[in-house]
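Colleague: Provided herewith: entry.csv, CSV, C-alpha atoms.
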```csv
chain,number,residue,atom,x,y,z
A,268,MET,CA,-187.1,85.1,56.5
A,269,GLY,CA,-190.5,86.7,56.5
A,270,ILE,CA,-192.1,89.3,54.4
A,271,PHE,CA,-192.1,91.9,57.2
A,272,ASP,CA,-188.4,91.4,58.1
A,273,VAL,CA,-187.2,93.3,55.0
A,274,PRO,CA,-187.8,96.9,54.0
A,275,THR,CA,-190.9,97.3,51.9
A,276,SER,CA,-189.3,99.4,49.2
A,277,PHE,CA,-186.8,96.7,48.4
A,278,LEU,CA,-189.5,94.0,48.5
A,279,LEU,CA,-191.8,95.9,46.1
A,280,GLU,CA,-188.9,96.6,43.8
A,281,ALA,CA,-187.9,92.9,43.7
A,282,MET,CA,-191.5,91.8,43.1
A,283,ALA,CA,-192.0,94.3,40.3
A,284,LYS,CA,-188.8,93.2,38.5
A,285,ASP,CA,-189.8,89.6,38.8
A,286,LEU,CA,-193.4,90.3,37.6
A,287,LYS,CA,-191.9,92.1,34.5
A,288,HIS,CA,-189.2,89.5,33.8
A,289,LYS,CA,-191.6,86.5,33.9
A,290,ASN,CA,-194.4,88.3,32.0
A,291,THR,CA,-196.8,87.5,34.8
A,292,VAL,CA,-198.7,90.8,34.3
A,293,HIS,CA,-198.9,93.0,31.2
A,294,PRO,CA,-199.6,96.8,31.4
A,295,PRO,CA,-202.7,97.9,29.4
A,296,ALA,CA,-202.3,99.8,26.2
A,297,PHE,CA,-203.3,103.1,27.9
A,298,ALA,CA,-200.7,102.8,30.7
A,299,PRO,CA,-198.2,105.3,29.3
A,300,PHE,CA,-200.8,108.0,29.1
A,301,VAL,CA,-203.2,107.6,32.0
A,302,LYS,CA,-203.1,109.4,35.4
A,303,THR,CA,-203.4,107.2,38.5
A,304,GLY,CA,-206.4,109.1,39.7
A,305,ALA,CA,-208.2,112.4,39.8
A,306,GLN,CA,-205.8,113.8,42.4
A,307,ALA,CA,-202.8,113.3,40.2
A,308,GLU,CA,-201.7,116.2,38.0
A,309,ARG,CA,-199.7,114.1,35.5
A,310,ALA,CA,-199.1,110.5,34.5
A,311,PRO,CA,-196.3,108.6,36.3
A,312,GLN,CA,-192.8,109.3,35.0
A,313,ASP,CA,-191.5,105.8,35.5
A,314,PRO,CA,-192.1,103.6,32.4
A,315,ASP,CA,-192.5,100.5,34.6
A,316,TRP,CA,-194.9,102.0,37.1
A,317,TYR,CA,-197.6,99.5,36.3
A,318,TYR,CA,-195.4,96.6,37.6
A,319,MET,CA,-194.7,98.5,40.8
A,320,ARG,CA,-198.4,99.1,41.3
A,321,CYS,CA,-199.2,95.4,40.8
A,322,ALA,CA,-196.6,94.5,43.3
A,323,SER,CA,-198.0,97.0,45.7
A,324,VAL,CA,-201.5,95.8,45.2
A,325,MET,CA,-200.4,92.3,45.9
A,326,TYR,CA,-198.6,93.4,49.1
A,327,ARG,CA,-201.8,95.2,50.3
A,328,VAL,CA,-203.9,92.1,49.5
A,329,MET,CA,-201.5,90.0,51.6
A,330,LYS,CA,-201.4,92.5,54.4
A,331,ASP,CA,-205.1,93.6,54.6
A,332,GLY,CA,-206.9,90.8,52.8
A,333,PRO,CA,-209.7,90.1,52.1
A,334,ILE,CA,-209.8,93.4,50.4
A,335,GLY,CA,-211.7,94.8,47.5
A,336,THR,CA,-211.3,97.5,44.8
A,337,GLU,CA,-213.0,100.3,46.7
A,338,SER,CA,-210.7,99.9,49.7
A,339,LEU,CA,-207.6,99.9,47.5
A,340,ARG,CA,-208.9,103.0,45.6
A,341,THR,CA,-209.1,104.8,49.0
A,342,TYR,CA,-205.6,103.6,49.9
A,343,TYR,CA,-204.0,104.7,46.6
A,344,GLY,CA,-205.9,108.0,46.5
A,345,GLY,CA,-204.6,111.3,47.7
A,346,ARG,CA,-205.4,114.9,48.3
A,347,LYS,CA,-206.2,117.1,45.4
A,348,ASN,CA,-205.0,120.7,45.1
A,349,ARG,CA,-208.1,122.6,44.3
A,350,GLY,CA,-206.6,126.1,44.0
A,351,ALA,CA,-208.0,128.5,46.6
A,352,LYS,CA,-210.3,125.9,48.0
A,353,PRO,CA,-209.2,123.6,50.7
A,354,HIS,CA,-207.6,120.3,49.8
A,355,LYS,CA,-209.9,117.3,49.5
A,356,HIS,CA,-209.2,113.5,49.4
A,357,TYR,CA,-209.9,111.9,46.1
A,358,LYS,CA,-209.9,108.2,45.4
A,359,ALA,CA,-207.6,106.7,42.9
A,360,GLY,CA,-208.8,105.4,39.5
A,361,GLY,CA,-210.5,102.0,39.8
A,362,LYS,CA,-209.6,100.6,36.3
A,363,ILE,CA,-205.9,100.3,37.0
A,364,ILE,CA,-206.5,98.5,40.4
A,365,ARG,CA,-209.2,96.3,38.9
A,366,LEU,CA,-206.9,95.2,36.0
A,367,ALA,CA,-204.1,94.5,38.4
A,368,LEU,CA,-206.3,92.4,40.6
A,369,GLN,CA,-207.7,90.5,37.6
A,370,GLN,CA,-204.2,89.8,36.2
A,371,LEU,CA,-202.8,88.7,39.5
A,372,GLU,CA,-205.8,86.4,40.0
A,373,LYS,CA,-205.4,85.0,36.5
A,374,SER,CA,-201.7,84.2,37.2
A,375,GLY,CA,-202.7,82.4,40.5
A,376,LEU,CA,-201.0,84.8,42.9
A,377,ILE,CA,-204.2,85.9,44.6
A,378,LYS,CA,-207.7,84.4,44.8
A,379,LYS,CA,-211.2,85.5,45.5
A,380,GLY,CA,-212.3,85.4,49.2
A,381,GLU,CA,-215.2,83.4,50.5
A,382,LYS,CA,-217.2,86.4,51.6
A,383,GLY,CA,-215.9,88.8,48.8
A,384,GLY,CA,-212.7,90.7,48.2
A,385,ARG,CA,-209.4,89.1,47.3
A,386,THR,CA,-206.9,87.2,49.4
A,387,ILE,CA,-203.4,85.9,48.9
A,388,SER,CA,-203.1,82.4,47.5
A,389,PRO,CA,-200.5,79.8,48.7
A,390,THR,CA,-198.6,80.4,45.4
A,391,GLY,CA,-198.7,84.1,46.0
A,392,GLN,CA,-197.5,83.6,49.6
A,393,LYS,CA,-194.6,81.5,48.4
A,394,PHE,CA,-193.7,84.1,45.7
A,395,MET,CA,-193.6,86.8,48.3
A,396,ASN,CA,-191.4,84.8,50.6
A,397,ASP,CA,-189.0,84.1,47.8
A,398,MET,CA,-188.9,87.8,46.9
A,399,SER,CA,-188.3,88.7,50.5
A,400,ARG,CA,-185.0,86.7,50.3
A,401,VAL,CA,-184.0,88.6,47.2
A,402,ALA,CA,-185.0,91.9,48.8
A,403,LEU,CA,-182.8,91.1,51.8
A,404,GLU,CA,-179.8,90.7,49.6
A,405,MET,CA,-180.6,93.9,47.8
A,406,SER,CA,-180.8,95.8,51.1
A,407,LYS,CA,-177.5,94.4,52.2
A,408,THR,CA,-175.7,95.5,49.1
A,409,TYR,CA,-177.3,98.9,49.4
A,410,ILE,CA,-176.1,99.3,53.0
A,411,LYS,CA,-172.5,98.3,52.0
A,412,LYS,CA,-172.4,100.9,49.2
A,413,LYS,CA,-173.8,103.5,51.6
A,414,ARG,CA,-171.1,102.7,54.2
A,415,VAL,CA,-168.3,103.0,51.6
A,416,TYR,CA,-169.6,106.4,50.5
A,417,LYS,CA,-169.8,107.7,54.1
A,418,LYS,CA,-166.3,106.5,55.1
A,419,GLY,CA,-164.2,108.7,52.8
A,420,SER,CA,-164.3,112.3,51.9
A,421,LYS,CA,-163.9,111.6,48.2
A,422,THR,CA,-166.2,112.7,45.5
A,423,ASP,CA,-168.9,110.4,44.0
A,424,SER,CA,-166.8,109.5,41.0
A,425,ASP,CA,-163.8,108.3,43.1
A,426,VAL,CA,-166.1,106.2,45.2
A,427,ASN,CA,-167.8,104.7,42.1
A,428,THR,CA,-164.5,103.8,40.5
A,429,ALA,CA,-163.3,102.2,43.7
A,430,LEU,CA,-166.4,100.1,43.8
A,431,LYS,CA,-166.1,99.1,40.2
A,432,ARG,CA,-162.5,98.0,40.7
A,433,GLY,CA,-163.4,96.1,43.9
A,434,LYS,CA,-160.7,97.8,45.9
A,435,LYS,CA,-160.8,99.4,49.3
A,436,GLU,CA,-160.0,103.1,49.6
A,437,GLY,CA,-156.5,102.7,51.0
A,438,GLU,CA,-155.3,100.2,48.4
A,439,GLU,CA,-155.4,102.8,45.6
A,440,LYS,CA,-152.6,104.8,47.3
A,441,LYS,CA,-150.4,101.7,47.8
A,442,ASP,CA,-150.8,100.8,44.1
A,443,ASP,CA,-149.7,104.3,43.0
A,444,LYS,CA,-146.5,104.1,45.3
A,445,SER,CA,-145.6,100.7,43.9
A,446,LYS,CA,-146.0,101.9,40.3
A,447,LYS,CA,-143.6,104.8,41.0
A,448,LYS,CA,-141.0,102.5,42.6
A,449,LYS,CA,-141.1,100.2,39.6
A,450,GLU,CA,-140.7,103.1,37.2
A,451,GLY,CA,-137.7,104.4,39.1
A,452,SER,CA,-135.9,101.0,39.2
A,453,GLU,CA,-136.3,100.5,35.5
A,454,GLU,CA,-134.5,103.7,34.6
```
Please, can you express the file's structure as structure tokens?

Modeller:
Amino acid sequence: MGIFDVPTSFLLEAMAKDLKHKNTVHPPAFAPFVKTGAQAERAPQDPDWYYMRCASVMYRVMKDGPIGTESLRTYYGGRKNRGAKPHKHYKAGGKIIRLALQQLEKSGLIKKGEKGGRTISPTGQKFMNDMSRVALEMSKTYIKKKRVYKKGSKTDSDVNTALKRGKKEGEEKKDDKSKKKKEGSEE
């Protein structure tokens, strides 16, 4: 199973969870307060956004490497709303990206390229291949839950309770009928 065979969102989510769980990277002290760039109006709402950014930086290094901080700043930048003036593209903040690259390099997942920039290391390639297997399983369970939701015309709570019990939709009705028969025979 390759890295490009799974949806990127599931791959990045699996990588971010693993980076956090194994303490591979640590968010800086200013992470809860800082914006990601001049184009952003507020700081990210997700408390674990730094881990997701590190996973995304690692994915970009693997895909586009050798790549440097300036190219990543351009990639993560966006258009700024300047009021009555036309929108303009602004680069993302460099400190966050630089710290992410340094921490990933220190953990051995990426390495410096021969002519500059950073490339993926063999350890990082193995890590991403392992995470692609995890992401594939995550995507399969997501698709199963989505199919169960689309099948019936029940509300969200009914579907969630059916999923928790591990029963199919039709089995709940059979259980209700059998309970009524047992109650009638006891009287």

Colleague: Calculate how many Å separate CA of Ala281 in chain A from CA of Arg309 in chain A, rounding to one decimal.

Modeller: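 A separation of 25.6 Å between them.
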
Colleague: Using only C-alpha atoms, what does the table of range 285-314 of chain A residues within 7 Å of range 353-364 of chain A look like, with each row giving the shortest atom pair and its distance in Å to one decimal, sorted by chain and ascending number, as JSON lines?

Modeller:
```
{"residue": "A:Thr303", "atom": "CA", "partner": "A:Gly360", "partner_atom": "CA", "distance": 5.8}
{"residue": "A:Gly304", "atom": "CA", "partner": "A:Ala359", "partner_atom": "CA", "distance": 4.2}
{"residue": "A:Ala305", "atom": "CA", "partner": "A:Ala359", "partner_atom": "CA", "distance": 6.5}
{"residue": "A:Gln306", "atom": "CA", "partner": "A:Tyr357", "partner_atom": "CA", "distance": 5.8}
```

Colleague: Taking the point (-193.7, 96.4, 40.3) as given in the file, collect each protein or nucleic acid residue that comes within 7 Å of it, counting all atoms listed in the file, and present the set as a list in words.

Modeller: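 Within the cut-off we find Leu279, Glu280, Met282, Ala283, Lys284, Leu286, Trp316, Tyr317, Tyr318, Met319, Arg320, Cys321, Ala322 and Ser323 of chain A.
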
Colleague: Got a sec: who's within 10 Å of Lys330 in chain A, counting all atoms listed in the file, leaving out chain neighbours fewer than 6 positions off, as a ChimeraX atom specification?

Modeller: /A:270-271,324,386-387

Colleague: Measure the distance from CA of Gly269 in chain A to CA of Arg365 in chain A in Å and round it to one decimal.

Modeller: 27.4 Å

Colleague: Nearest to Glu381 in chain A: which of A:Pro294, A:Gly345, A:Pro311, A:Gly332 is it, counting all atoms listed in the file?

Modeller: A:Gly332

Colleague: Quick one: residues within 6 Å of range 402-404 of chain A, only C-alpha atoms counted, chain neighbours fewer than 2 positions away excluded, as a VMD selection string?

Modeller: chain A and resid 273 277 to 278 281 398 to 400 406 to 407

Colleague: Work out how far CA of Ile334 in chain A is from CA of Gly383 in chain A, in Å to one decimal.

Modeller: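 These two atoms are separated by 7.8 Å.
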
Colleague: Got a sec: who's within 12 Å of Val328 in chain A, counting all atoms listed in the file, leaving out chain neighbours fewer than 5 positions off, as a list in words?

Modeller: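 Residues meeting the cut-off are Cys321, Ala322, Ser323, Pro333, Ile334, Gly335, Thr336, Ser338, Leu339, Tyr342, Ile364, Ala367, Leu368, Leu371, Glu372, Leu376, Ile377, Lys378, Lys379, Gly380, Gly384, Arg385, Thr386, Ile387, Ser388, Gly391, Gln392 and Met395 of chain A.
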
Colleague: Using all atoms listed in the file, which of A:Gly375, A:Pro274, A:Pro314, A:Pro389 sits nearest Val301 in chain A?

Modeller: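 Ranking A:Gly375, A:Pro274, A:Pro314, A:Pro389 by distance to Val301 in chain A, first place goes to A:Pro314.
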
Colleague: From the coordinates supplied, range 273-422 of chain A should be written with C-alpha atoms, as a PDB file, in the first residue's frame.

Modeller:
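Done, and the output landed in part-v9.pdb:
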```pdb
ATOM      1  CA  VAL A 273      -5.137   6.556   0.483  1.00  0.00           C
ATOM      2  CA  PRO A 274      -7.015   9.852   0.936  1.00  0.00           C
ATOM      3  CA  THR A 275      -4.631  12.575   2.074  1.00  0.00           C
ATOM      4  CA  SER A 276      -6.906  13.816   4.862  1.00  0.00           C
ATOM      5  CA  PHE A 277      -6.901  10.394   6.550  1.00  0.00           C
ATOM      6  CA  LEU A 278      -3.136  10.057   6.065  1.00  0.00           C
ATOM      7  CA  LEU A 279      -2.413  13.448   7.638  1.00  0.00           C
ATOM      8  CA  GLU A 280      -4.783  12.743  10.529  1.00  0.00           C
ATOM      9  CA  ALA A 281      -3.079   9.411  11.253  1.00  0.00           C
ATOM     10  CA  MET A 282       0.386  10.998  11.029  1.00  0.00           C
ATOM     11  CA  ALA A 283      -0.600  13.861  13.357  1.00  0.00           C
ATOM     12  CA  LYS A 284      -2.005  11.466  15.962  1.00  0.00           C
ATOM     13  CA  ASP A 285       1.151   9.356  15.862  1.00  0.00           C
ATOM     14  CA  LEU A 286       3.467  12.387  16.079  1.00  0.00           C
ATOM     15  CA  LYS A 287       1.558  13.561  19.149  1.00  0.00           C
ATOM     16  CA  HIS A 288       1.322  10.128  20.782  1.00  0.00           C
ATOM     17  CA  LYS A 289       5.035   9.317  20.416  1.00  0.00           C
ATOM     18  CA  ASN A 290       6.169  12.857  21.377  1.00  0.00           C
ATOM     19  CA  THR A 291       8.155  13.143  18.155  1.00  0.00           C
ATOM     20  CA  VAL A 292       7.465  16.877  17.869  1.00  0.00           C
ATOM     21  CA  HIS A 293       6.514  19.413  20.523  1.00  0.00           C
ATOM     22  CA  PRO A 294       4.519  22.573  19.837  1.00  0.00           C
ATOM     23  CA  PRO A 295       6.293  25.790  20.819  1.00  0.00           C
ATOM     24  CA  ALA A 296       5.079  27.777  23.816  1.00  0.00           C
ATOM     25  CA  PHE A 297       3.486  30.417  21.582  1.00  0.00           C
ATOM     26  CA  ALA A 298       1.444  27.888  19.545  1.00  0.00           C
ATOM     27  CA  PRO A 299      -1.951  28.551  21.234  1.00  0.00           C
ATOM     28  CA  PHE A 300      -1.732  32.289  20.531  1.00  0.00           C
ATOM     29  CA  VAL A 301      -0.044  32.717  17.149  1.00  0.00           C
ATOM     30  CA  LYS A 302      -1.662  33.151  13.737  1.00  0.00           C
ATOM     31  CA  THR A 303      -0.331  30.968  10.936  1.00  0.00           C
ATOM     32  CA  GLY A 304       0.462  33.970   8.756  1.00  0.00           C
ATOM     33  CA  ALA A 305      -0.356  37.569   7.892  1.00  0.00           C
ATOM     34  CA  GLN A 306      -3.341  36.448   5.800  1.00  0.00           C
ATOM     35  CA  ALA A 307      -5.072  34.747   8.743  1.00  0.00           C
ATOM     36  CA  GLU A 308      -7.503  36.731  10.860  1.00  0.00           C
ATOM     37  CA  ARG A 309      -7.341  34.510  13.957  1.00  0.00           C
ATOM     38  CA  ALA A 310      -5.272  31.736  15.479  1.00  0.00           C
ATOM     39  CA  PRO A 311      -6.305  28.154  14.604  1.00  0.00           C
ATOM     40  CA  GLN A 312      -9.217  26.804  16.665  1.00  0.00           C
ATOM     41  CA  ASP A 313      -7.917  23.228  16.848  1.00  0.00           C
ATOM     42  CA  PRO A 314      -5.671  22.798  19.907  1.00  0.00           C
ATOM     43  CA  ASP A 315      -3.593  20.155  18.061  1.00  0.00           C
ATOM     44  CA  TRP A 316      -3.094  22.209  14.905  1.00  0.00           C
ATOM     45  CA  TYR A 317       0.695  22.152  15.234  1.00  0.00           C
ATOM     46  CA  TYR A 318       0.836  18.357  14.891  1.00  0.00           C
ATOM     47  CA  MET A 319      -1.339  18.529  11.782  1.00  0.00           C
ATOM     48  CA  ARG A 320       0.942  21.202  10.311  1.00  0.00           C
ATOM     49  CA  CYS A 321       4.027  19.067  11.010  1.00  0.00           C
ATOM     50  CA  ALA A 322       2.374  16.089   9.300  1.00  0.00           C
ATOM     51  CA  SER A 323       1.453  18.278   6.347  1.00  0.00           C
ATOM     52  CA  VAL A 324       4.980  19.707   6.107  1.00  0.00           C
ATOM     53  CA  MET A 325       6.379  16.182   6.102  1.00  0.00           C
ATOM     54  CA  TYR A 326       3.951  15.181   3.336  1.00  0.00           C
ATOM     55  CA  ARG A 327       4.965  18.222   1.249  1.00  0.00           C
ATOM     56  CA  VAL A 328       8.667  17.432   1.755  1.00  0.00           C
ATOM     57  CA  MET A 329       8.055  13.872   0.598  1.00  0.00           C
ATOM     58  CA  LYS A 330       5.992  14.964  -2.393  1.00  0.00           C
ATOM     59  CA  ASP A 331       7.954  18.027  -3.580  1.00  0.00           C
ATOM     60  CA  GLY A 332      11.393  17.516  -1.968  1.00  0.00           C
ATOM     61  CA  PRO A 333      14.030  18.840  -1.873  1.00  0.00           C
ATOM     62  CA  ILE A 334      12.073  21.846  -0.679  1.00  0.00           C
ATOM     63  CA  GLY A 335      12.929  24.801   1.536  1.00  0.00           C
ATOM     64  CA  THR A 336      11.189  27.135   3.930  1.00  0.00           C
ATOM     65  CA  GLU A 337      10.332  29.803   1.351  1.00  0.00           C
ATOM     66  CA  SER A 338       8.518  27.369  -0.935  1.00  0.00           C
ATOM     67  CA  LEU A 339       6.556  26.020   2.012  1.00  0.00           C
ATOM     68  CA  ARG A 340       5.689  29.571   3.107  1.00  0.00           C
ATOM     69  CA  THR A 341       4.237  30.211  -0.331  1.00  0.00           C
ATOM     70  CA  TYR A 342       2.293  26.926  -0.256  1.00  0.00           C
ATOM     71  CA  TYR A 343       0.763  27.549   3.187  1.00  0.00           C
ATOM     72  CA  GLY A 344       0.046  31.211   2.501  1.00  0.00           C
ATOM     73  CA  GLY A 345      -3.243  32.540   1.265  1.00  0.00           C
ATOM     74  CA  ARG A 346      -5.092  35.596   0.099  1.00  0.00           C
ATOM     75  CA  LYS A 347      -5.608  38.439   2.515  1.00  0.00           C
ATOM     76  CA  ASN A 348      -8.815  40.405   2.719  1.00  0.00           C
ATOM     77  CA  ARG A 349      -7.662  44.013   2.528  1.00  0.00           C
ATOM     78  CA  GLY A 350     -11.072  45.680   2.775  1.00  0.00           C
ATOM     79  CA  ALA A 351     -11.958  47.763  -0.284  1.00  0.00           C
ATOM     80  CA  LYS A 352      -8.649  46.958  -1.967  1.00  0.00           C
ATOM     81  CA  PRO A 353      -8.281  43.795  -4.072  1.00  0.00           C
ATOM     82  CA  HIS A 354      -7.174  40.577  -2.398  1.00  0.00           C
ATOM     83  CA  LYS A 355      -3.459  39.852  -2.431  1.00  0.00           C
ATOM     84  CA  HIS A 356      -1.492  36.660  -1.745  1.00  0.00           C
ATOM     85  CA  TYR A 357       0.523  36.717   1.466  1.00  0.00           C
ATOM     86  CA  LYS A 358       3.049  34.111   2.536  1.00  0.00           C
ATOM     87  CA  ALA A 359       2.577  32.103   5.713  1.00  0.00           C
ATOM     88  CA  GLY A 360       4.696  32.725   8.786  1.00  0.00           C
ATOM     89  CA  GLY A 361       8.161  31.215   8.502  1.00  0.00           C
ATOM     90  CA  LYS A 362       8.872  30.489  12.170  1.00  0.00           C
ATOM     91  CA  ILE A 363       6.255  27.725  12.442  1.00  0.00           C
ATOM     92  CA  ILE A 364       7.445  26.021   9.275  1.00  0.00           C
ATOM     93  CA  ARG A 365      11.108  26.377  10.251  1.00  0.00           C
ATOM     94  CA  LEU A 366      10.467  24.860  13.697  1.00  0.00           C
ATOM     95  CA  ALA A 367       8.495  22.001  12.162  1.00  0.00           C
ATOM     96  CA  LEU A 368      11.321  21.243   9.720  1.00  0.00           C
ATOM     97  CA  GLN A 369      13.934  21.386  12.487  1.00  0.00           C
ATOM     98  CA  GLN A 370      11.974  19.086  14.800  1.00  0.00           C
ATOM     99  CA  LEU A 371      11.240  16.576  12.033  1.00  0.00           C
ATOM    100  CA  GLU A 372      14.922  16.620  11.076  1.00  0.00           C
ATOM    101  CA  LYS A 373      16.001  16.144  14.688  1.00  0.00           C
ATOM    102  CA  SER A 374      13.696  13.107  14.998  1.00  0.00           C
ATOM    103  CA  GLY A 375      15.219  11.624  11.838  1.00  0.00           C
ATOM    104  CA  LEU A 376      12.116  11.724   9.635  1.00  0.00           C
ATOM    105  CA  ILE A 377      13.561  14.208   7.143  1.00  0.00           C
ATOM    106  CA  LYS A 378      17.123  15.189   6.234  1.00  0.00           C
ATOM    107  CA  LYS A 379      18.941  18.024   4.539  1.00  0.00           C
ATOM    108  CA  GLY A 380      19.359  17.664   0.790  1.00  0.00           C
ATOM    109  CA  GLU A 381      22.707  17.677  -0.975  1.00  0.00           C
ATOM    110  CA  LYS A 382      22.018  20.925  -2.843  1.00  0.00           C
ATOM    111  CA  GLY A 383      19.877  22.533  -0.143  1.00  0.00           C
ATOM    112  CA  GLY A 384      16.343  22.134   1.053  1.00  0.00           C
ATOM    113  CA  ARG A 385      15.017  19.106   2.864  1.00  0.00           C
ATOM    114  CA  THR A 386      14.154  15.625   1.629  1.00  0.00           C
ATOM    115  CA  ILE A 387      12.485  12.622   3.197  1.00  0.00           C
ATOM    116  CA  SER A 388      14.768  10.152   4.986  1.00  0.00           C
ATOM    117  CA  PRO A 389      14.386   6.365   4.756  1.00  0.00           C
ATOM    118  CA  THR A 390      12.998   6.367   8.305  1.00  0.00           C
ATOM    119  CA  GLY A 391      10.462   9.009   7.298  1.00  0.00           C
ATOM    120  CA  GLN A 392       9.482   7.027   4.201  1.00  0.00           C
ATOM    121  CA  LYS A 393       8.879   3.930   6.344  1.00  0.00           C
ATOM    122  CA  PHE A 394       6.876   5.997   8.833  1.00  0.00           C
ATOM    123  CA  MET A 395       4.649   7.354   6.072  1.00  0.00           C
ATOM    124  CA  ASN A 396       4.121   3.896   4.564  1.00  0.00           C
ATOM    125  CA  ASP A 397       3.061   2.554   7.970  1.00  0.00           C
ATOM    126  CA  MET A 398       0.709   5.492   8.467  1.00  0.00           C
ATOM    127  CA  SER A 399      -0.821   4.905   5.020  1.00  0.00           C
ATOM    128  CA  ARG A 400      -1.916   1.450   6.202  1.00  0.00           C
ATOM    129  CA  VAL A 401      -3.507   2.994   9.293  1.00  0.00           C
ATOM    130  CA  ALA A 402      -5.176   5.656   7.138  1.00  0.00           C
ATOM    131  CA  LEU A 403      -6.587   2.973   4.838  1.00  0.00           C
ATOM    132  CA  GLU A 404      -8.291   1.295   7.807  1.00  0.00           C
ATOM    133  CA  MET A 405      -9.610   4.672   8.983  1.00  0.00           C
ATOM    134  CA  SER A 406     -11.098   5.372   5.561  1.00  0.00           C
ATOM    135  CA  LYS A 407     -12.766   1.950   5.429  1.00  0.00           C
ATOM    136  CA  THR A 408     -14.516   2.470   8.782  1.00  0.00           C
ATOM    137  CA  TYR A 409     -15.557   5.965   7.710  1.00  0.00           C
ATOM    138  CA  ILE A 410     -17.134   4.609   4.529  1.00  0.00           C
ATOM    139  CA  LYS A 411     -18.983   1.877   6.468  1.00  0.00           C
ATOM    140  CA  LYS A 412     -20.465   4.416   8.884  1.00  0.00           C
ATOM    141  CA  LYS A 413     -21.466   6.649   5.999  1.00  0.00           C
ATOM    142  CA  ARG A 414     -23.259   3.768   4.237  1.00  0.00           C
ATOM    143  CA  VAL A 415     -25.224   2.864   7.371  1.00  0.00           C
ATOM    144  CA  TYR A 416     -26.323   6.465   7.698  1.00  0.00           C
ATOM    145  CA  LYS A 417     -27.481   6.662   4.075  1.00  0.00           C
ATOM    146  CA  LYS A 418     -29.431   3.366   4.118  1.00  0.00           C
ATOM    147  CA  GLY A 419     -32.164   4.212   6.592  1.00  0.00           C
ATOM    148  CA  SER A 420     -34.354   7.222   7.043  1.00  0.00           C
ATOM    149  CA  LYS A 421     -33.699   7.309  10.763  1.00  0.00           C
ATOM    150  CA  THR A 422     -32.410  10.212  12.775  1.00  0.00           C
TER     151      THR A 422
END
```
